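A.B. asks: Handing you a structure now.
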Amino acid sequence: GVGKVCLRHAIFNPPGSGSPISKDKGMDSRCRDNAIVQGFANLTLSKMGIVPPITDPDLIRITFISRKDYGFAQNQLKRKIDNEEEVVEALKTIPNVQVERVDFARINWREQLNTDVETDLLIGVHGAGMTQLMFLPEHAGAMELFTPEAEGNHHYHNLANWANKLYFRRSVNVHVDAGDMKNFVADAVQQIRARRKQMEPFIGWK
């Protein structure tokens with residue numbers, strides 16, 4: 001029949017290619033420190049009742065996003081590195097860091113957010129998992145790894161700018177030089193540690 005449908009609450013999501021994140025994916029956005037993005041992140045954490053923990057100010061917590069195939073031939077991931085474990089073990093030798101490898105596809109939303117607020121540096125191959133950077137602490141940063149087929153995408157560089165997070169990018173092959181990666185990450189760790197020290201008087205949980 002014909003009639004009105006009244007919705008008390010409704011959420012509408014634009015298709016991926018039409019979303020604000022994808023709209024200017026081929027260029028750096030001139031927008032910085034976006035109140036809408038930051039407000040969305042803060043509201044999400046607040047409504048989920050998630051509070052950033054009190055942590056050792058000298059320890060930098062690194063979350064390495066693991067990308068694994070889903071177990072079906074038609075769902076094999078293209079953007080991934082084949083020596084994740086070797087890279088993670090190399091990162092663990094950086095002084096005063098804690099490294100966790102996490103597959104966000106295999107944990108629930110609350111677990112994902114809890115991981116985010118406990119992360120100082122998020123590292124991942126270009127992909128949807130990098131959207132987690134919105135929920136990182138104020139001083140934190142994200143490091144995006146680009147395999148050859150992903151070069152030129154600026155989705156998450158722009159998102160990091162909007163969320164006011166440090167951003168690092170690295171071009172890598174499918175097999176990553178673990179020693180070279182360790183040195184690059186160690187430099188990022190120092191920048192994040194300096195930023196946290198600079199922001200400490202303004203960060204309530206520190």
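Identifiers for the structure tokens are assigned positionally: chains receive A, B, ... in sequence, residues are indexed from 1 per chain, and ligands are indexed from 1 in the order shown.
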Could you please write out, as an MDAnalysis selection string, every residue of region 96-156 of chain A that DSSP assigns to strand (DSSP E or B)?

C.D. replies: chainID A and resid 97:102 121:125 141:146

A.B. asks: Deliver the residues from the most recent selection as a file, using N, CA and C atoms, as a CSV table (one decimal), in the first residue's frame.

C.D. replies:
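Below is the file that was written, selection.csv:
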```
chain,number,residue,atom,x,y,z
A,97,VAL,N,59.4,-0.1,23.5
A,97,VAL,CA,58.2,-0.3,22.7
A,97,VAL,C,57.5,-1.6,23.1
A,98,GLN,N,56.2,-1.6,22.8
A,98,GLN,CA,55.4,-2.9,23.0
A,98,GLN,C,54.7,-3.1,21.6
A,99,VAL,N,54.9,-4.2,21.0
A,99,VAL,CA,54.3,-4.5,19.7
A,99,VAL,C,53.3,-5.6,19.7
A,100,GLU,N,52.1,-5.3,19.2
A,100,GLU,CA,51.1,-6.3,19.1
A,100,GLU,C,50.7,-6.4,17.6
A,101,ARG,N,50.5,-7.6,17.1
A,101,ARG,CA,50.0,-7.9,15.8
A,101,ARG,C,48.5,-8.2,15.9
A,102,VAL,N,47.6,-7.5,15.2
A,102,VAL,CA,46.2,-7.6,15.4
A,102,VAL,C,45.5,-7.7,14.0
A,121,LEU,N,51.2,4.0,18.0
A,121,LEU,CA,51.6,4.0,16.5
A,121,LEU,C,50.9,2.8,15.9
A,122,LEU,N,50.0,3.2,14.9
A,122,LEU,CA,49.3,2.1,14.1
A,122,LEU,C,50.0,1.9,12.8
A,123,ILE,N,50.4,0.7,12.5
A,123,ILE,CA,51.1,0.4,11.3
A,123,ILE,C,50.2,-0.6,10.5
A,124,GLY,N,50.0,-0.3,9.2
A,124,GLY,CA,49.3,-1.3,8.4
A,124,GLY,C,49.5,-1.0,6.9
A,125,VAL,N,49.3,-2.0,6.1
A,125,VAL,CA,49.3,-1.9,4.6
A,125,VAL,C,48.0,-1.2,4.2
A,141,GLY,N,50.1,8.4,16.1
A,141,GLY,CA,50.4,8.5,14.7
A,141,GLY,C,50.0,7.2,14.0
A,142,ALA,N,49.9,7.3,12.6
A,142,ALA,CA,49.7,6.1,11.8
A,142,ALA,C,50.7,6.0,10.7
A,143,MET,N,51.1,4.8,10.4
A,143,MET,CA,52.1,4.5,9.4
A,143,MET,C,51.5,3.6,8.3
A,144,GLU,N,51.4,4.2,7.1
A,144,GLU,CA,50.7,3.4,6.0
A,144,GLU,C,51.8,2.8,5.1
A,145,LEU,N,51.7,1.5,4.9
A,145,LEU,CA,52.6,0.9,4.0
A,145,LEU,C,52.0,0.7,2.6
A,146,PHE,N,52.7,1.1,1.6
A,146,PHE,CA,52.1,1.0,0.2
A,146,PHE,C,52.9,-0.1,-0.6
```

A.B. asks: Find the residue from A:His157, A:Arg196, A:Arg32, A:Lys92 that sits nearest to Phe64 (chain A); use only C-alpha atoms when measuring.

C.D. replies: A:Lys92

A.B. asks: Could you give me, as an NGL selection string, the residues within 9 Å of Cys31 (chain A), counting only C-alpha atoms and dropping anything in the same chain fewer than 4 positions from it?

C.D. replies: :A and (158 or 161-162)

A.B. asks: Residues of the last selection are to be written out with N, CA and C atoms, as a JSON list (two decimals), in the first residue's frame.

C.D. replies:
```json
[["chain", "number", "residue", "atom", "x", "y", "z"],
["A", 158, "ASN", "N", 44.83, 11.81, 4.21],
["A", 158, "ASN", "CA", 43.84, 12.86, 4.44],
["A", 158, "ASN", "C", 43.10, 12.63, 5.76],
["A", 161, "ASN", "N", 45.18, 13.70, 8.63],
["A", 161, "ASN", "CA", 45.19, 15.16, 8.76],
["A", 161, "ASN", "C", 43.90, 15.65, 9.41],
["A", 162, "TRP", "N", 42.76, 15.11, 8.98],
["A", 162, "TRP", "CA", 41.48, 15.51, 9.55],
["A", 162, "TRP", "C", 41.40, 15.17, 11.04]]
```

A.B. asks: Which polymer residues have any atom within 12 Å of an atom of Arg195 (chain A), counting only C-alpha atoms, with same-chain residues fewer than 3 positions away left out, as a PyMOL selection string?

C.D. replies: chain A and resi 57+60+120-121+137-141+164-166+188-192+198-203

A.B. asks: Using only C-alpha atoms, find the one residue out of A:Leu91, A:Ala41, A:Val2, A:Val185 that sits nearest to Arg170 (chain A).

C.D. replies: A:Val185

A.B. asks: A:Gln132, A:Lys4, A:Asp28, A:Arg67: which is nearest Gly152 (chain A), counting only C-alpha atoms?

C.D. replies: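 Closest to Gly152 (chain A), using only C-alpha atoms: A:Asp28.
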
A.B. asks: Quick one: residues within 10 Å of Ile50 (chain A), only C-alpha atoms counted, chain neighbours fewer than 4 positions away excluded, as a ChimeraX atom specification?

C.D. replies: /A:42,44-46,110,113-114,117

A.B. asks: With only C-alpha atoms as the counted atoms, please give the residues lying no more than 8 Å from Pro53 (chain A), apart from itself and same-chain residues fewer than 2 positions off, as a short mmCIF file (atom, residue, chain, number, x, y, z; two decimals) with N, CA and C atoms, in the first residue's frame.

C.D. replies:
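In the end it all went to part10.cif:
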```
data_model
loop_
_atom_site.label_atom_id
_atom_site.label_comp_id
_atom_site.auth_asym_id
_atom_site.auth_seq_id
_atom_site.Cartn_x
_atom_site.Cartn_y
_atom_site.Cartn_z
N VAL A 51 37.31 4.33 27.70
CA VAL A 51 38.17 5.38 28.25
C VAL A 51 39.63 4.98 28.03
N THR A 55 48.88 4.87 31.10
CA THR A 55 49.99 4.00 30.67
C THR A 55 51.34 4.62 31.02
N VAL A 117 42.56 2.80 21.35
CA VAL A 117 42.87 3.79 22.38
C VAL A 117 44.13 3.42 23.17
N GLU A 118 44.59 2.18 23.00
CA GLU A 118 45.82 1.75 23.66
C GLU A 118 47.02 1.77 22.71
N TRP A 205 44.45 11.89 30.59
CA TRP A 205 44.73 10.59 31.18
C TRP A 205 46.21 10.34 31.40
#
```

A.B. asks: For the alpha helix (DSSP H) assignment from backbone DSSP, which residues of chain A qualify? Please present them as an MDAnalysis selection string.

C.D. replies: chainID A and resid 20:23 35:47 84:91 109:117 155:163 178:199

A.B. asks: Using C-alpha atoms, can you write the selected residues to a file as a PDB file, in the first residue's frame?

C.D. replies:
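This went into result38.pdb:
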```pdb
ATOM      1  CA  PRO A  20      34.178  11.928   1.697  1.00  0.00           C
ATOM      2  CA  ILE A  21      37.207   9.716   2.367  1.00  0.00           C
ATOM      3  CA  SER A  22      37.308   8.469  -1.233  1.00  0.00           C
ATOM      4  CA  LYS A  23      36.219  11.640  -2.994  1.00  0.00           C
ATOM      5  CA  ALA A  35      36.070  18.973  13.987  1.00  0.00           C
ATOM      6  CA  ILE A  36      33.527  16.645  12.360  1.00  0.00           C
ATOM      7  CA  VAL A  37      35.949  13.711  12.144  1.00  0.00           C
ATOM      8  CA  GLN A  38      37.280  14.281  15.651  1.00  0.00           C
ATOM      9  CA  GLY A  39      33.779  14.789  17.037  1.00  0.00           C
ATOM     10  CA  PHE A  40      32.626  11.520  15.466  1.00  0.00           C
ATOM     11  CA  ALA A  41      35.552   9.642  17.009  1.00  0.00           C
ATOM     12  CA  ASN A  42      35.011  11.166  20.460  1.00  0.00           C
ATOM     13  CA  LEU A  43      31.270  10.515  20.350  1.00  0.00           C
ATOM     14  CA  THR A  44      31.830   6.885  19.335  1.00  0.00           C
ATOM     15  CA  LEU A  45      34.244   6.250  22.195  1.00  0.00           C
ATOM     16  CA  SER A  46      31.975   8.035  24.658  1.00  0.00           C
ATOM     17  CA  LYS A  47      28.841   6.121  23.668  1.00  0.00           C
ATOM     18  CA  GLU A  84      54.704 -10.045   8.813  1.00  0.00           C
ATOM     19  CA  GLU A  85      56.101 -12.129  11.656  1.00  0.00           C
ATOM     20  CA  GLU A  86      59.714 -11.285  10.790  1.00  0.00           C
ATOM     21  CA  VAL A  87      58.896  -7.583  10.640  1.00  0.00           C
ATOM     22  CA  VAL A  88      57.011  -7.640  13.961  1.00  0.00           C
ATOM     23  CA  GLU A  89      59.884  -9.450  15.684  1.00  0.00           C
ATOM     24  CA  ALA A  90      62.318  -6.829  14.370  1.00  0.00           C
ATOM     25  CA  LEU A  91      60.128  -4.008  15.694  1.00  0.00           C
ATOM     26  CA  TRP A 109      33.936  -3.572  17.342  1.00  0.00           C
ATOM     27  CA  ARG A 110      34.482  -3.001  21.054  1.00  0.00           C
ATOM     28  CA  GLU A 111      37.743  -4.954  20.965  1.00  0.00           C
ATOM     29  CA  GLN A 112      38.861  -2.901  17.983  1.00  0.00           C
ATOM     30  CA  LEU A 113      38.206   0.373  19.782  1.00  0.00           C
ATOM     31  CA  ASN A 114      39.929  -0.814  22.947  1.00  0.00           C
ATOM     32  CA  THR A 115      42.956  -1.667  20.821  1.00  0.00           C
ATOM     33  CA  ASP A 116      42.869   1.757  19.166  1.00  0.00           C
ATOM     34  CA  VAL A 117      42.875   3.792  22.382  1.00  0.00           C
ATOM     35  CA  HIS A 155      42.586   8.218   1.678  1.00  0.00           C
ATOM     36  CA  TYR A 156      44.293   7.724   4.998  1.00  0.00           C
ATOM     37  CA  HIS A 157      46.816  10.527   4.704  1.00  0.00           C
ATOM     38  CA  ASN A 158      43.838  12.855   4.442  1.00  0.00           C
ATOM     39  CA  LEU A 159      42.003  11.095   7.260  1.00  0.00           C
ATOM     40  CA  ALA A 160      45.074  11.435   9.501  1.00  0.00           C
ATOM     41  CA  ASN A 161      45.189  15.161   8.755  1.00  0.00           C
ATOM     42  CA  TRP A 162      41.481  15.514   9.553  1.00  0.00           C
ATOM     43  CA  ALA A 163      41.920  13.556  12.797  1.00  0.00           C
ATOM     44  CA  ALA A 178      62.785  -6.040   8.335  1.00  0.00           C
ATOM     45  CA  GLY A 179      65.952  -4.167   9.345  1.00  0.00           C
ATOM     46  CA  ASP A 180      65.158  -1.197   7.138  1.00  0.00           C
ATOM     47  CA  MET A 181      61.587  -1.171   8.442  1.00  0.00           C
ATOM     48  CA  LYS A 182      62.818  -1.228  12.029  1.00  0.00           C
ATOM     49  CA  ASN A 183      64.953   1.880  11.446  1.00  0.00           C
ATOM     50  CA  PHE A 184      62.077   3.755   9.809  1.00  0.00           C
ATOM     51  CA  VAL A 185      59.689   2.859  12.638  1.00  0.00           C
ATOM     52  CA  ALA A 186      62.260   3.777  15.291  1.00  0.00           C
ATOM     53  CA  ASP A 187      62.384   7.299  13.859  1.00  0.00           C
ATOM     54  CA  ALA A 188      58.572   7.527  13.921  1.00  0.00           C
ATOM     55  CA  VAL A 189      58.575   6.320  17.537  1.00  0.00           C
ATOM     56  CA  GLN A 190      60.859   9.201  18.512  1.00  0.00           C
ATOM     57  CA  GLN A 191      58.543  11.713  16.841  1.00  0.00           C
ATOM     58  CA  ILE A 192      55.506  10.301  18.620  1.00  0.00           C
ATOM     59  CA  ARG A 193      57.302  10.261  21.962  1.00  0.00           C
ATOM     60  CA  ALA A 194      58.263  13.925  21.483  1.00  0.00           C
ATOM     61  CA  ARG A 195      54.713  14.853  20.529  1.00  0.00           C
ATOM     62  CA  ARG A 196      53.289  13.068  23.561  1.00  0.00           C
ATOM     63  CA  LYS A 197      55.708  14.908  25.860  1.00  0.00           C
ATOM     64  CA  GLN A 198      54.699  18.188  24.256  1.00  0.00           C
ATOM     65  CA  MET A 199      50.977  17.418  24.686  1.00  0.00           C
TER      66      MET A 199
END
```

A.B. asks: When you count only C-alpha atoms, which of these residues is closest to Phe135 (chain A): A:Lys80, A:Asp56, A:Thr119, A:Tyr167?

C.D. replies: A:Thr119

A.B. asks: CA of Asp82 (chain A) and CA of Asn108 (chain A), how far apart in Å?

C.D. replies: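 That distance, rounded to one decimal, is 25.0 Å.
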